[in-house]
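Notes to accompany the following structure.
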Amino acid sequence: MGQHEVADRMEPVRDPVRDVPGRPARALHARPCIRLLGRPRLLDADGRASGLQYRKGWALLAWLSLESRGACRRTRLAALLWPRLPESAALTNLRQVLADLNRSLLHALGTEVLHCDRTQVHWRLPAAVALDVAQLHRSIDPALSRDCGSTLCMLDAGALEGELLEGIELDECEEFGQWLAVVRESLARNRVRAIEAVRDCLVREGRMAEAIGWARSLVAMDGWDESRCRGLMRVLALAGEHGQALDAYHRLERALRHELGVEPEPESRAMYMGILASRRACELALADQMLAGQDRRDSGDLPSRRGRFRA
């Protein structure tokens, strides 16, 4: 293989979208899809997965779909992915990777996504094709977050799990690597926001067991994040599980003290005290109900007793 030839071939990806153990499987909408979260793959309308011939094909696909805003100059892409090659050699590699990418997209998705001319590469994603990163962005849109059905479906199927381009690292492409690290961190935050939106939506719908499950998953992802712990405490308290909510706070308190040597934030302590007071109020109300019921039973027995005495 020559000095300037493409040397980043990779095996096609054949693993389908998997179910998440412990959660009910939900069927995703049957349409072609580009998956960039987790191990990247292309899915046709029947859910069959395929990959690309080159690692830099995935890098190119991610950049075009997230950064190009519809079009990008060929010279820009060549310099991004082959920064150490002369421009002519980089452009030759780009043509080869673009050809494989275009062919693979057309085969898997059944429609054109890339439109290339002599100077630019144009990216146009048809409405009939799903892009998991775009779906993740929509799931945290305040205007759409009250309807969590589609987001819950994707989360249950594991379609929004994993970091961007998992397993794809281009050490020789410093600018692309820096961009990838920033976008990965941003998408990780957005996935947390998507789960929080689903959790709150489930609470509004009264589906407390599911809401508690997602609240616990957030805490499991980062046990030191106090906002996630407060979210779990709130959902548990709303479900009437005051004891479990207080236990969640105690676990947080122990972790912060033992691992970081700090105390919980005032907001966490205030929520703990509020739930503690609420539990005591519930216990007092229950005790009052039990006493009132006993009084009614005792009052109901009095006439019959008096009647027996008169007889």
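Ligands are numbered from 1 in the order shown, residues from 1 within each chain, and chains are lettered A, B, ... in the order they appear in the structure tokens.
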| For Asp44 in chain A: contacts at 7 Å, only C-alpha atoms, fewer than 2 positions along chain excluded, given as a list in words |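 Close residues of Asp44 in chain A: Arg31, Pro32, Cys33, Leu42, Asp46, Gly47, Arg48, Ala49, Ala108 and Leu109 of chain A.
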| request: Just list the residues in range 37-88 of chain A DSSP gives alpha helix (DSSP H) on the backbone, as a PyMOL selection string. | output: chain A and resi 55-67+74-81+87-88
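For the residues A:Pro266, A:Arg191, A:Ser150, A:Met271, ranking by smallest atom-to-atom distance to Met221 in chain A using only C-alpha atoms places A:Arg191 first.
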| request: Counting only C-alpha atoms, figure out which residue out of A:Ala99, A:Leu81, A:Leu114, A:Ala62 gets nearest to Leu131 in chain A. | output: A:Ala62
Need to verify the contact set: Gly243 in chain A, 10 Å, only C-alpha atoms, exclusion of same-chain residues closer than 6 positions in sequence. Can you return it as a PDB file with N, CA, C and O atoms, in the first residue's frame?
ATOM      1  N   MET A 233     -35.098  11.369  45.063  1.00  0.00           N
ATOM      2  CA  MET A 233     -35.816  11.591  46.320  1.00  0.00           C
ATOM      3  C   MET A 233     -37.211  12.167  46.064  1.00  0.00           C
ATOM      4  O   MET A 233     -38.195  11.753  46.683  1.00  0.00           O
ATOM      5  N   LEU A 236     -39.537   9.427  44.577  1.00  0.00           N
ATOM      6  CA  LEU A 236     -39.893   8.460  45.611  1.00  0.00           C
ATOM      7  C   LEU A 236     -40.894   9.057  46.598  1.00  0.00           C
ATOM      8  O   LEU A 236     -41.860   8.388  46.998  1.00  0.00           O
ATOM      9  N   ALA A 237     -40.684  10.309  46.992  1.00  0.00           N
ATOM     10  CA  ALA A 237     -41.611  10.952  47.922  1.00  0.00           C
ATOM     11  C   ALA A 237     -42.989  11.111  47.299  1.00  0.00           C
ATOM     12  O   ALA A 237     -44.010  10.882  47.955  1.00  0.00           O
ATOM     13  N   ILE A 275     -38.940  16.009  53.271  1.00  0.00           N
ATOM     14  CA  ILE A 275     -39.486  14.647  53.159  1.00  0.00           C
ATOM     15  C   ILE A 275     -39.661  14.029  54.532  1.00  0.00           C
ATOM     16  O   ILE A 275     -40.646  13.322  54.796  1.00  0.00           O
ATOM     17  N   LEU A 276     -38.715  14.297  55.434  1.00  0.00           N
ATOM     18  CA  LEU A 276     -38.836  13.784  56.801  1.00  0.00           C
ATOM     19  C   LEU A 276     -40.084  14.342  57.476  1.00  0.00           C
ATOM     20  O   LEU A 276     -40.844  13.593  58.117  1.00  0.00           O
ATOM     21  N   ARG A 279     -43.143  12.696  55.939  1.00  0.00           N
ATOM     22  CA  ARG A 279     -43.384  11.343  56.432  1.00  0.00           C
ATOM     23  C   ARG A 279     -44.020  11.385  57.819  1.00  0.00           C
ATOM     24  O   ARG A 279     -44.950  10.617  58.106  1.00  0.00           O
TER      25      ARG A 279
END
Selection: 10 Å around range 205-208 of chain A, only C-alpha atoms, excl. self and same-chain fewer than 2 positions, as a PDB file with C-alpha atoms, in the first residue's frame:
ATOM      1  CA  ARG A 146     -44.246  16.610  27.456  1.00  0.00           C
ATOM      2  CA  ARG A 199     -38.669  10.773  34.248  1.00  0.00           C
ATOM      3  CA  ASP A 200     -40.700  13.955  34.729  1.00  0.00           C
ATOM      4  CA  CYS A 201     -43.118  13.022  31.941  1.00  0.00           C
ATOM      5  CA  LEU A 202     -43.759   9.634  33.554  1.00  0.00           C
ATOM      6  CA  VAL A 203     -44.445  11.358  36.880  1.00  0.00           C
ATOM      7  CA  GLU A 210     -41.179   3.588  35.616  1.00  0.00           C
ATOM      8  CA  ALA A 211     -40.248   7.082  36.768  1.00  0.00           C
ATOM      9  CA  ILE A 212     -38.457   5.643  39.805  1.00  0.00           C
ATOM     10  CA  GLY A 213     -36.563   3.229  37.554  1.00  0.00           C
ATOM     11  CA  TRP A 214     -35.214   5.998  35.351  1.00  0.00           C
ATOM     12  CA  VAL A 235     -40.010  10.911  42.709  1.00  0.00           C
ATOM     13  CA  LEU A 236     -39.893   8.460  45.611  1.00  0.00           C
ATOM     14  CA  LEU A 238     -44.331  11.631  45.336  1.00  0.00           C
ATOM     15  CA  ALA A 239     -44.878   7.873  45.115  1.00  0.00           C
ATOM     16  CA  GLY A 240     -45.324   7.729  48.898  1.00  0.00           C
TER      17      GLY A 240
END
